[in-house]
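Visitor: Data file final-v8.txt (compact mmCIF, C-alpha atoms) is appended below.
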# COMPACT_ATOMS: atom_id res chain seq x y z
CA MET A 1 21.32 -32.19 -10.08
CA LYS A 2 17.90 -32.18 -11.61
CA THR A 3 16.92 -29.48 -9.14
CA ALA A 4 19.83 -27.35 -10.20
CA ALA A 5 18.93 -27.82 -13.83
CA ALA A 6 15.35 -26.88 -13.22
CA ALA A 7 16.45 -23.87 -11.21
CA THR A 8 18.67 -22.69 -14.00
CA LEU A 9 15.93 -23.16 -16.54
CA THR A 10 13.24 -21.43 -14.58
CA ALA A 11 15.40 -18.61 -13.29
CA GLY A 12 16.76 -17.86 -16.69
CA LEU A 13 13.44 -17.46 -18.44
CA LEU A 14 11.48 -14.26 -18.61
CA VAL A 15 7.79 -14.68 -19.10
CA ILE A 16 6.10 -11.78 -20.82
CA CYS A 17 2.54 -11.14 -19.77
CA VAL A 18 -0.06 -8.53 -20.63
CA PRO A 19 0.47 -5.18 -18.97
CA VAL A 20 -1.25 -4.76 -15.66
CA LEU A 21 -3.48 -1.82 -14.88
CA ALA A 22 -2.49 -1.57 -11.26
CA HIS A 23 -4.48 0.89 -9.20
CA HIS A 24 -1.20 2.50 -8.39
CA GLY A 25 1.96 2.00 -10.33
CA THR A 26 5.39 1.29 -9.06
CA GLY A 27 8.50 2.65 -10.62
CA THR A 28 10.75 -0.08 -9.34
CA TYR A 29 9.30 -3.22 -10.83
CA ASP A 30 8.25 -4.17 -14.32
CA SER A 31 4.68 -5.37 -13.94
CA THR A 32 4.68 -6.64 -17.52
CA LYS A 33 7.20 -9.34 -16.68
CA SER A 34 7.35 -12.33 -14.40
CA VAL A 35 10.38 -14.33 -13.42
CA THR A 36 10.01 -17.70 -11.77
CA LEU A 37 12.91 -18.37 -9.44
CA SER A 38 14.01 -21.58 -7.80
CA GLY A 39 16.58 -21.34 -5.08
CA THR A 40 17.55 -21.63 -1.43
CA VAL A 41 16.12 -19.32 1.22
CA THR A 42 18.74 -17.48 3.23
CA GLU A 43 16.39 -15.27 5.26
CA PHE A 44 12.69 -14.46 5.60
CA ALA A 45 12.14 -11.07 7.23
CA PHE A 46 8.48 -11.01 8.28
CA ILE A 47 8.55 -7.33 9.21
CA ASN A 48 6.62 -4.11 8.63
CA PRO A 49 6.00 -2.30 6.48
CA HIS A 50 7.11 -4.88 3.92
CA ALA A 51 8.18 -8.42 4.43
CA ALA A 52 11.21 -9.50 2.44
CA LEU A 53 12.57 -12.82 1.34
CA TYR A 54 16.20 -13.40 0.49
CA LEU A 55 17.35 -16.40 -1.48
CA ASP A 56 20.27 -17.74 -3.44
CA VAL A 57 19.47 -18.70 -7.02
CA LYS A 58 22.04 -20.44 -9.15
CA ASP A 59 22.67 -18.81 -12.49
CA ALA A 60 23.59 -20.60 -15.72
CA THR A 61 27.19 -21.03 -14.56
CA GLY A 62 26.16 -22.52 -11.22
CA LYS A 63 27.10 -19.40 -9.30
CA ALA A 64 24.68 -18.38 -6.54
CA VAL A 65 23.01 -15.03 -7.19
CA LYS A 66 21.52 -13.33 -4.13
CA TRP A 67 17.94 -12.30 -4.85
CA ALA A 68 15.86 -9.98 -2.66
CA ILE A 69 12.07 -10.18 -2.95
CA GLU A 70 9.78 -7.44 -1.73
CA MET A 71 6.48 -8.56 -0.29
CA ASN A 72 3.34 -7.16 1.26
CA SER A 73 3.08 -6.31 4.93
CA PRO A 74 2.85 -9.17 7.42
CA GLY A 75 -0.78 -8.22 8.09
CA VAL A 76 -1.74 -8.67 4.47
CA LEU A 77 0.23 -11.87 4.18
CA ARG A 78 -1.26 -13.30 7.37
CA ALA A 79 -4.71 -12.65 5.95
CA ALA A 80 -3.64 -14.70 2.93
CA GLY A 81 -2.49 -17.62 5.07
CA TRP A 82 1.17 -16.82 5.53
CA THR A 83 3.07 -16.97 8.78
CA LYS A 84 6.58 -16.05 9.82
CA ALA A 85 7.33 -19.76 9.45
CA THR A 86 6.21 -19.96 5.83
CA PHE A 87 9.88 -19.96 4.87
CA LYS A 88 12.98 -20.76 6.82
CA ALA A 89 16.63 -20.61 5.90
CA GLY A 90 17.65 -23.62 3.83
CA ASP A 91 14.24 -24.17 2.22
CA GLN A 92 14.28 -24.96 -1.47
CA ILE A 93 11.59 -22.83 -3.03
CA THR A 94 10.05 -21.85 -6.34
CA ILE A 95 8.50 -18.40 -6.39
CA THR A 96 7.47 -15.88 -9.02
CA VAL A 97 8.33 -12.17 -9.02
CA ARG A 98 8.04 -8.98 -11.03
CA PRO A 99 11.67 -8.12 -11.73
CA ALA A 100 13.27 -4.75 -11.05
CA ARG A 101 13.51 -2.53 -14.10
CA ALA A 102 17.12 -1.88 -13.11
CA GLY A 103 18.00 -5.45 -14.03
CA THR A 104 19.32 -6.20 -10.56
CA PRO A 105 18.34 -9.43 -8.76
CA VAL A 106 15.43 -7.81 -6.95
CA GLY A 107 11.77 -8.52 -7.46
CA LEU A 108 8.28 -7.91 -6.20
CA ILE A 109 6.41 -11.05 -5.27
CA ASN A 110 3.72 -12.10 -7.70
CA ARG A 111 1.21 -13.77 -5.40
CA ALA A 112 -0.98 -14.72 -8.34
CA GLN A 113 1.43 -17.62 -8.81
CA PRO A 114 1.76 -20.64 -6.53
CA ILE A 115 4.71 -21.01 -4.20
CA ILE A 116 6.51 -24.28 -3.77
CA VAL A 117 8.57 -25.07 -0.69
CA ASN A 118 10.70 -28.20 -0.54
CA GLY A 119 8.73 -29.81 -3.34
CA LYS A 120 5.33 -29.05 -1.86
CA GLN A 121 2.94 -26.33 -2.96
CA VAL A 122 2.35 -24.37 0.26
CA LEU A 123 0.50 -21.43 -1.21
CA ALA A 124 -1.81 -21.53 -4.18
CA GLY A 125 -1.85 -18.66 -6.62
CA ASP A 126 -4.21 -15.92 -5.45
CA ARG A 127 -5.82 -14.21 -8.40
CA THR A 128 -7.03 -11.32 -6.30
CA ALA A 129 -3.66 -10.72 -4.64
CA ASN A 130 -2.50 -7.16 -4.77
CA ALA A 131 1.25 -7.33 -4.72
CA ILE A 132 2.02 -3.65 -4.34
CA ASN A 133 1.27 -2.60 -0.81
CA MET B 1 11.92 -35.50 -4.46
CA ARG B 2 14.30 -33.55 -6.63
CA ALA B 3 12.54 -34.77 -9.72
CA ARG B 4 9.27 -33.50 -8.27
CA VAL B 5 10.81 -30.08 -7.68
CA ALA B 6 11.91 -30.00 -11.27
CA VAL B 7 8.48 -31.01 -12.51
CA PHE B 8 6.84 -28.40 -10.32
CA GLY B 9 9.23 -25.74 -11.52
CA MET B 10 8.38 -26.46 -15.10
CA ALA B 11 4.68 -26.66 -14.28
CA VAL B 12 4.83 -23.21 -12.72
CA LEU B 13 6.57 -21.90 -15.76
CA VAL B 14 4.01 -23.37 -18.12
CA LEU B 15 1.19 -22.06 -15.97
CA SER B 16 2.56 -18.55 -16.02
CA LEU B 17 2.94 -18.75 -19.78
CA VAL B 18 -0.61 -19.74 -20.51
CA SER B 19 -2.51 -17.68 -17.96
CA PRO B 20 -1.68 -14.01 -18.30
CA ALA B 21 -5.02 -13.03 -16.78
CA VAL B 22 -3.93 -14.18 -13.37
CA HIS B 23 -1.59 -11.21 -13.10
CA ALA B 24 -4.41 -8.72 -12.73
CA GLN B 25 -4.04 -6.89 -9.47
CA ARG B 26 -6.98 -6.00 -7.33
CA GLY B 27 -7.01 -4.61 -3.83
CA ARG B 28 -9.34 -5.75 -1.11
CA GLY B 29 -11.54 -2.79 -1.94
CA GLY B 30 -11.96 -3.95 -5.50
CA ALA B 31 -12.80 -7.46 -4.39
CA ALA B 32 -15.28 -6.18 -1.81
CA ALA B 33 -16.95 -4.01 -4.39
CA THR B 34 -18.09 -7.08 -6.26
CA ALA B 35 -19.65 -8.67 -3.18
CA ALA B 36 -23.39 -8.49 -2.66
CA PRO B 37 -24.33 -5.34 -0.70
CA PRO B 38 -25.84 -5.85 2.76
CA PRO B 39 -29.56 -5.32 3.17
CA PRO B 40 -30.23 -1.58 3.54
CA SER B 41 -32.76 -2.04 6.31
CA VAL B 42 -30.24 -2.93 9.03
CA PRO B 43 -30.79 -0.43 11.85
CA HIS B 44 -28.02 2.00 12.67
CA ASP B 45 -27.51 5.32 14.42
CA PRO B 46 -26.51 7.84 11.75
CA ARG B 47 -24.78 9.90 14.43
CA ASP B 48 -22.53 7.04 15.44
CA LEU B 49 -19.50 6.73 13.19
CA SER B 50 -17.82 4.07 15.35
CA GLY B 51 -16.27 1.13 13.65
CA VAL B 52 -13.45 -0.05 11.44
CA TRP B 53 -13.83 1.40 7.99
CA ALA B 54 -12.15 0.18 4.83
CA ARG B 55 -11.78 2.36 1.80
CA GLN B 56 -13.69 1.41 -1.30
CA ARG B 57 -12.93 2.36 -4.86
CA GLY B 58 -11.77 5.83 -5.75
CA VAL B 59 -8.69 7.77 -6.60
CA LEU B 60 -5.95 8.00 -4.01
CA THR B 61 -6.16 11.74 -3.66
CA MET B 62 -8.94 14.33 -3.50
CA SER B 63 -10.09 13.77 -7.07
CA ASN B 64 -8.66 13.57 -10.55
CA GLU B 65 -9.34 17.27 -11.06
CA THR B 66 -6.25 18.82 -9.50
CA PRO B 67 -6.71 22.60 -9.36
CA PRO B 68 -4.03 24.83 -10.85
CA MET B 69 -1.05 25.28 -8.58
CA THR B 70 0.61 28.46 -7.49
CA ALA B 71 4.30 28.93 -8.21
CA TRP B 72 5.03 27.75 -4.67
CA GLY B 73 2.82 24.72 -5.12
CA LYS B 74 4.32 23.86 -8.48
CA ALA B 75 7.87 24.08 -7.13
CA LYS B 76 6.98 21.76 -4.29
CA PHE B 77 5.24 19.38 -6.67
CA ASP B 78 8.27 19.34 -8.97
CA ALA B 79 10.60 18.61 -6.08
CA ALA B 80 8.56 15.57 -5.08
CA LYS B 81 9.73 12.27 -6.52
CA PRO B 82 6.87 9.85 -5.90
CA VAL B 83 7.20 6.10 -6.16
CA TYR B 84 3.58 5.62 -7.20
CA GLY B 85 1.47 6.98 -10.00
CA PRO B 86 2.33 8.47 -13.38
CA ARG B 87 5.49 10.19 -12.13
CA ALA B 88 6.74 7.12 -10.27
CA VAL B 89 10.47 6.58 -9.96
CA ALA B 90 12.09 3.46 -8.57
CA GLY B 91 11.76 3.17 -4.80
CA GLY B 92 15.43 3.84 -4.11
CA LEU B 93 15.26 7.09 -6.10
CA GLY B 94 12.10 8.52 -4.55
CA ASN B 95 11.69 11.03 -1.74
CA ASP B 96 8.20 10.22 -0.54
CA PRO B 97 8.24 10.79 3.24
CA VAL B 98 6.75 7.35 3.66
CA MET B 99 10.02 5.86 2.42
CA THR B 100 11.70 6.89 5.66
CA CYS B 101 8.71 6.18 7.89
CA ASP B 102 7.98 9.89 8.33
CA PRO B 103 4.38 10.50 9.33
CA LEU B 104 1.89 10.60 6.49
CA GLY B 105 0.11 13.41 8.30
CA MET B 106 -3.19 14.89 7.29
CA PRO B 107 -5.09 14.77 5.05
CA ARG B 108 -3.00 12.02 3.48
CA ASN B 109 -3.93 9.48 6.12
CA LEU B 110 -7.57 9.78 5.10
CA PHE B 111 -6.93 8.49 1.62
CA LEU B 112 -6.04 5.09 3.11
CA GLU B 113 -3.88 4.92 0.06
CA VAL B 114 -2.75 1.48 0.86
CA SER B 115 -6.29 0.26 0.64
CA ILE B 116 -5.88 -2.80 2.76
CA TYR B 117 -5.10 -0.71 5.83
CA PRO B 118 -8.37 0.64 7.26
CA MET B 119 -9.14 3.23 9.91
CA GLU B 120 -11.14 2.95 13.09
CA ILE B 121 -13.36 5.72 14.39
CA VAL B 122 -14.06 5.93 18.11
CA GLN B 123 -16.49 8.49 19.53
CA THR B 124 -16.16 9.82 23.03
CA PRO B 125 -18.17 12.65 24.62
CA LYS B 126 -15.61 15.33 23.77
CA ARG B 127 -13.58 13.89 20.94
CA VAL B 128 -13.88 11.74 17.88
CA LEU B 129 -10.74 9.70 17.43
CA GLN B 130 -9.46 8.22 14.20
CA PHE B 131 -6.97 5.39 14.31
CA PHE B 132 -5.18 4.67 11.08
CA GLU B 133 -3.74 1.20 10.79
CA TRP B 134 -0.85 2.35 8.63
CA ALA B 135 1.99 3.39 10.95
CA HIS B 136 -0.29 3.07 13.99
CA ALA B 137 -1.21 6.74 13.67
CA TRP B 138 -4.13 8.48 15.33
CA ARG B 139 -5.86 11.81 15.15
CA GLU B 140 -8.26 13.65 17.44
CA ILE B 141 -11.21 15.77 16.40
CA TRP B 142 -12.47 17.94 19.26
CA THR B 143 -16.24 18.05 19.63
CA ASP B 144 -16.39 19.97 22.91
CA GLY B 145 -17.28 23.26 21.25
CA ARG B 146 -13.79 24.74 21.20
CA GLU B 147 -12.62 26.84 18.28
CA LEU B 148 -9.63 26.18 16.08
CA PRO B 149 -6.40 27.80 17.27
CA LYS B 150 -5.63 31.19 15.70
CA ASP B 151 -1.94 30.88 14.93
CA PRO B 152 -0.91 27.33 15.70
CA ASP B 153 2.45 25.71 15.29
CA PRO B 154 2.22 23.27 12.42
CA ARG B 155 1.53 19.64 13.24
CA TRP B 156 1.62 16.48 11.18
CA MET B 157 -2.06 15.91 11.93
CA GLY B 158 -3.04 19.57 12.14
CA TYR B 159 -5.78 20.71 14.53
CA SER B 160 -9.36 19.61 14.09
CA VAL B 161 -12.78 20.44 15.51
CA GLY B 162 -16.02 18.72 14.60
CA ARG B 163 -19.75 19.34 14.91
CA TRP B 164 -22.97 17.71 13.76
CA GLU B 165 -25.11 19.34 11.12
CA GLY B 166 -28.14 17.09 11.14
CA ASN B 167 -26.74 13.66 10.42
CA GLU B 168 -23.60 15.04 8.85
CA PHE B 169 -20.40 15.22 10.87
CA VAL B 170 -18.45 18.28 9.77
CA VAL B 171 -14.77 18.57 10.62
CA ASN B 172 -12.67 21.69 10.09
CA SER B 173 -8.90 21.59 10.33
CA LEU B 174 -5.82 23.77 9.92
CA GLY B 175 -2.20 23.98 11.03
CA PHE B 176 -0.74 21.28 8.80
CA ASP B 177 2.94 20.59 8.40
CA GLU B 178 4.33 21.45 4.97
CA ARG B 179 6.70 18.50 5.08
CA THR B 180 3.76 16.21 4.42
CA TRP B 181 2.61 15.35 0.95
CA LEU B 182 -1.08 15.71 0.28
CA ASP B 183 -1.06 12.29 -1.35
CA HIS B 184 1.34 9.71 -2.69
CA PHE B 185 1.48 11.49 -6.04
CA GLY B 186 3.45 14.30 -4.42
CA ASN B 187 0.78 16.99 -4.54
CA PRO B 188 1.57 19.80 -2.11
CA ILE B 189 -0.13 21.15 0.98
CA SER B 190 0.91 24.26 2.90
CA GLU B 191 0.65 25.65 6.41
CA GLU B 192 -2.06 27.97 5.16
CA ALA B 193 -4.36 25.13 4.22
CA ARG B 194 -7.88 24.87 5.57
CA PHE B 195 -9.52 21.52 5.28
CA GLU B 196 -13.14 20.49 5.67
CA GLU B 197 -14.49 16.94 5.90
CA ARG B 198 -18.15 15.97 5.75
CA TYR B 199 -18.98 12.47 6.93
CA ARG B 200 -22.33 10.77 6.52
CA ARG B 201 -23.18 7.24 7.60
CA VAL B 202 -25.74 6.44 4.97
CA ASP B 203 -26.46 2.96 6.25
CA ARG B 204 -24.97 0.72 8.87
CA ASP B 205 -22.18 -0.47 6.64
CA THR B 206 -21.47 2.59 4.52
CA LEU B 207 -19.71 5.81 5.41
CA GLU B 208 -19.39 8.61 2.89
CA LEU B 209 -16.89 11.44 3.02
CA THR B 210 -16.48 14.57 0.95
CA MET B 211 -13.55 16.91 1.53
CA THR B 212 -12.64 20.44 0.54
CA LEU B 213 -9.06 21.69 0.61
CA THR B 214 -8.62 25.44 0.54
CA ASP B 215 -4.95 26.21 0.30
CA PRO B 216 -4.21 29.53 -1.45
CA LYS B 217 -0.47 29.12 -0.97
CA ALA B 218 -0.45 25.90 -3.03
CA TYR B 219 -3.55 26.04 -5.27
CA THR B 220 -5.35 28.88 -7.03
CA LYS B 221 -8.77 27.59 -6.06
CA PRO B 222 -10.32 25.15 -3.58
CA TRP B 223 -10.11 21.46 -4.33
CA VAL B 224 -13.34 19.58 -3.71
CA SER B 225 -12.92 15.83 -3.48
CA GLU B 226 -14.94 13.14 -5.11
CA LYS B 227 -17.25 11.35 -2.70
CA LYS B 228 -15.22 8.75 -0.84
CA THR B 229 -16.93 5.61 0.38
CA PHE B 230 -15.88 3.38 3.24
CA ARG B 231 -17.31 -0.01 4.12
CA LEU B 232 -17.69 -1.23 7.68
CA ASP B 233 -15.34 -4.11 8.37
CA ALA B 234 -16.79 -5.44 11.60
CA LYS B 235 -14.39 -8.38 11.80
CA HIS B 236 -11.19 -6.42 11.45
CA GLU B 237 -9.19 -5.38 14.49
CA ILE B 238 -6.64 -2.62 13.85
CA GLU B 239 -3.22 -4.22 13.83
CA GLU B 240 0.02 -2.94 15.25
CA LEU B 241 1.46 -1.86 11.95
CA PHE B 242 4.30 0.45 12.84
CA CYS B 243 6.62 1.72 10.19
CA VAL B 244 9.81 0.83 12.05
CA PRO B 245 12.66 3.11 10.96
CA SER B 246 15.48 0.66 11.66
CA GLU B 247 13.77 -2.19 9.85
CA ASN B 248 12.71 0.11 7.05
CA ASP B 249 16.28 1.34 6.70
CA ALA B 250 17.49 -2.24 6.31
CA PHE B 251 14.76 -2.84 3.74
CA ASN B 252 15.83 0.24 1.80
CA LYS B 253 19.44 -0.90 1.74
CA ARG B 254 18.72 -4.51 0.84
CA VAL B 255 15.71 -4.17 -1.47
CA ARG B 256 14.76 -0.64 -2.54
CA ASP B 257 18.24 0.62 -3.37
CA PRO B 258 19.40 -2.41 -5.35
CA GLY B 259 15.96 -2.58 -6.94
CA ALA B 260 16.58 0.91 -8.27
CA GLY B 261 20.14 0.14 -9.26
CA VAL B 262 21.38 2.55 -6.58
CA THR B 263 24.67 2.04 -4.81
CA ARG B 264 25.23 4.19 -1.74
Show me, as structure tokens, the structure contained in the file I just sent.

Guide:
Amino acid sequence: MKTAAAATLTAGLLVICVPVLAHHGTGTYDSTKSVTLSGTVTEFAFINPHAALYLDVKDATGKAVKWAIEMNSPGVLRAAGWTKATFKAGDQITITVRPARAGTPVGLINRAQPIIVNGKQVLAGDRTANAIN
Amino acid sequence: MRARVAVFGMAVLVLSLVSPAVHAQRGRGGAAATAAPPPPSVPHDPRDLSGVWARQRGVLTMSNETPPMTAWGKAKFDAAKPVYGPRAVAGGLGNDPVMTCDPLGMPRNLFLEVSIYPMEIVQTPKRVLQFFEWAHAWREIWTDGRELPKDPDPRWMGYSVGRWEGNEFVVNSLGFDERTWLDHFGNPISEEARFEERYRRVDRDTLELTMTLTDPKAYTKPWVSEKKTFRLDAKHEIEELFCVPSENDAFNKRVRDPGAGVTR
């Protein structure tokens, strides 16, 4: 219950940050915003050219919203300590993304923020992480 | 356990509120640029370009000084809908060939636009080979004295011959495929393009490259690049990074299209 409450709280809040001067822009995601999501992993596709994570996040009414998160390539992620087993279906995770400008439940991972899996921080925030590759 | 999750969730939230600086994005090149340079006295053979080379800072095209385009070039530029740069549209709305795993071709591969994917150069007696990590692509530069073909069929990688001028490796190419983009900004290149590359290994760990694109069908004057710099990455082994069409198609349908608000 507490988890659900926390998920609702964190998923519902938009955190506005200073604009990012990325070395190349992306038209899909709003790099001025971060959304911290808590939810249940349904699939982790550790594939080229971009890995993708799919998870169900409960909205304010308790309904599961299916989020898709774009990530770097497996090579980049491996170099940062990830493996194909970093997430598995059923994991409860907290993860931060740059949301799609379209307002749809799609985001680009923000690896500057830590990632929590089943209550344990498995990946620390990486300040040098370049999320758009 | 659940309580801990809740606490962590809130902690993450608070962290992200108070530390906007952590969102700065830097590529591996940017991080490497701040590292101490290696001692310049390390011996090296300036006529040996072998090694895995990672791009350093620089713009992801020839230079910031794009020459004026011809009408043909401008039309092609206008038709391009890039997903990077100042004209970027959402991924699901773009038409960059990379979005469908089409070959980047040449010269685009040389920009190593996704900076974390380096290239490897291998020298053999008759050819210099370049292996680009992105999409597992490779290119051959003939050094056996042959001339460029006179009227070649276009190829993604074009046709290339190379020779040494002192310690400078000079590559001349032609026969490019007009379906390629010159860069990820959607600048054009035509089948009439001539392309010259000048490589110089200035020390063991540093490779410099200057390029000149002469393409009268697309631009009204030659485009000389800024000096590109690559750093030797002796520990890196080129990975099998294919752009797999079937997987990419699934990614487009599940991530890029909804991310752009596109329903197909």

Visitor: Smallest atom-to-atom distance to chain A: which of B:Thr220, B:Asn248, B:Ser50, B:Thr263, using all atoms listed in the file?

Guide: B:Asn248

Visitor: Using CA of Phe77 (chain B) and CA of Tyr159 (chain B) as the two end points, give the distance in Å to one decimal.

Guide: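 Pair CA of Phe77 (chain B) / CA of Tyr159 (chain B) returns 23.9 Å.
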
Visitor: Neighbourhood query: residues within 7 Å of (-16.1, 9.3, -2.3), file coordinates, counting only C-alpha atoms; return as a PyMOL selection string.

Guide: chain B and resi 58+208-210+226-229

Visitor: Report, in Å with one decimal, the straight-line distance from CA of Ala54 (chain B) to CA of Val42 (chain B).

Guide: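 Separation of CA of Ala54 (chain B) and CA of Val42 (chain B): 18.8 Å.
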
Visitor: Find the residues near Phe242 (chain B): any atom within 10 Å, counting all atoms listed in the file, skip ones fewer than 2 places away on the same chain, and give them as a PyMOL selection string.

Guide: (chain A and resi 47-49) or (chain B and resi 101+133-137+239-240+244-245)

Visitor: Taking 3 positions as the minimum chain separation for residues in the same chain, which residues sit within 6 Å of Gly39 (chain A) when counting only C-alpha atoms? Answer as a list in words.

Guide: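 What passes the distance filter is Asp56, Val57, Gln92 and Ile93 of chain A.
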
Visitor: Find the residues around Arg155 (chain B) up to 6 Å (all atoms listed in the file counted), leave out those fewer than 3 positions away in its own chain, and share them as a PyMOL selection string.

Guide: chain B and resi 158+176-177

Visitor: Have a look at CA of Gly75 (chain A) and CA of Arg111 (chain A) and let me know their distance in Å, one decimal.

Guide: 14.7 Å

Visitor: Using only C-alpha atoms, which of A:Ser38, A:Lys33, A:Arg78, A:Thr104 sits nearest Gly119 (chain A)?

Guide: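 Selected residue with least distance to Gly119 (chain A): A:Ser38.
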
Visitor: At a cut-off of 10 Å, using all atoms listed in the file, what residues contact Gly94 (chain B)? Leave out same-chain residues fewer than 4 positions from it and give the result as a PyMOL selection string.

Guide: (chain A and resi 27-28) or (chain B and resi 80-84+88-90+98-99+256+260)

Visitor: Ranking B:Val202, B:Ala79, B:Val128, B:Leu93 by minimum distance to chain A and counting all atoms listed in the file, which one comes first?

Guide: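 Among the listed residues, the smallest separation from chain A belongs to B:Leu93.
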
Visitor: Can you list, as a PDB file with C-alpha atoms, in the frame of the given file, every protein, DNA or RNA residue that comes within 10 Å of Ala45 (chain A) when you count all atoms listed in the file, leaving out same-chain residues fewer than 5 positions away?

Guide:
ATOM      1  CA  HIS A  50       7.110  -4.880   3.920  1.00  0.00           C
ATOM      2  CA  ALA A  51       8.180  -8.420   4.430  1.00  0.00           C
ATOM      3  CA  ALA A  52      11.210  -9.500   2.440  1.00  0.00           C
ATOM      4  CA  LEU A  53      12.570 -12.820   1.340  1.00  0.00           C
ATOM      5  CA  TYR A  54      16.200 -13.400   0.490  1.00  0.00           C
ATOM      6  CA  GLU A  70       9.780  -7.440  -1.730  1.00  0.00           C
ATOM      7  CA  MET A  71       6.480  -8.560  -0.290  1.00  0.00           C
ATOM      8  CA  PRO A  74       2.850  -9.170   7.420  1.00  0.00           C
ATOM      9  CA  LYS A  84       6.580 -16.050   9.820  1.00  0.00           C
ATOM     10  CA  PHE A  87       9.880 -19.960   4.870  1.00  0.00           C
ATOM     11  CA  LYS A  88      12.980 -20.760   6.820  1.00  0.00           C
TER      12      LYS A  88
ATOM     13  CA  GLU B 247      13.770  -2.190   9.850  1.00  0.00           C
ATOM     14  CA  PHE B 251      14.760  -2.840   3.740  1.00  0.00           C
TER      15      PHE B 251
END
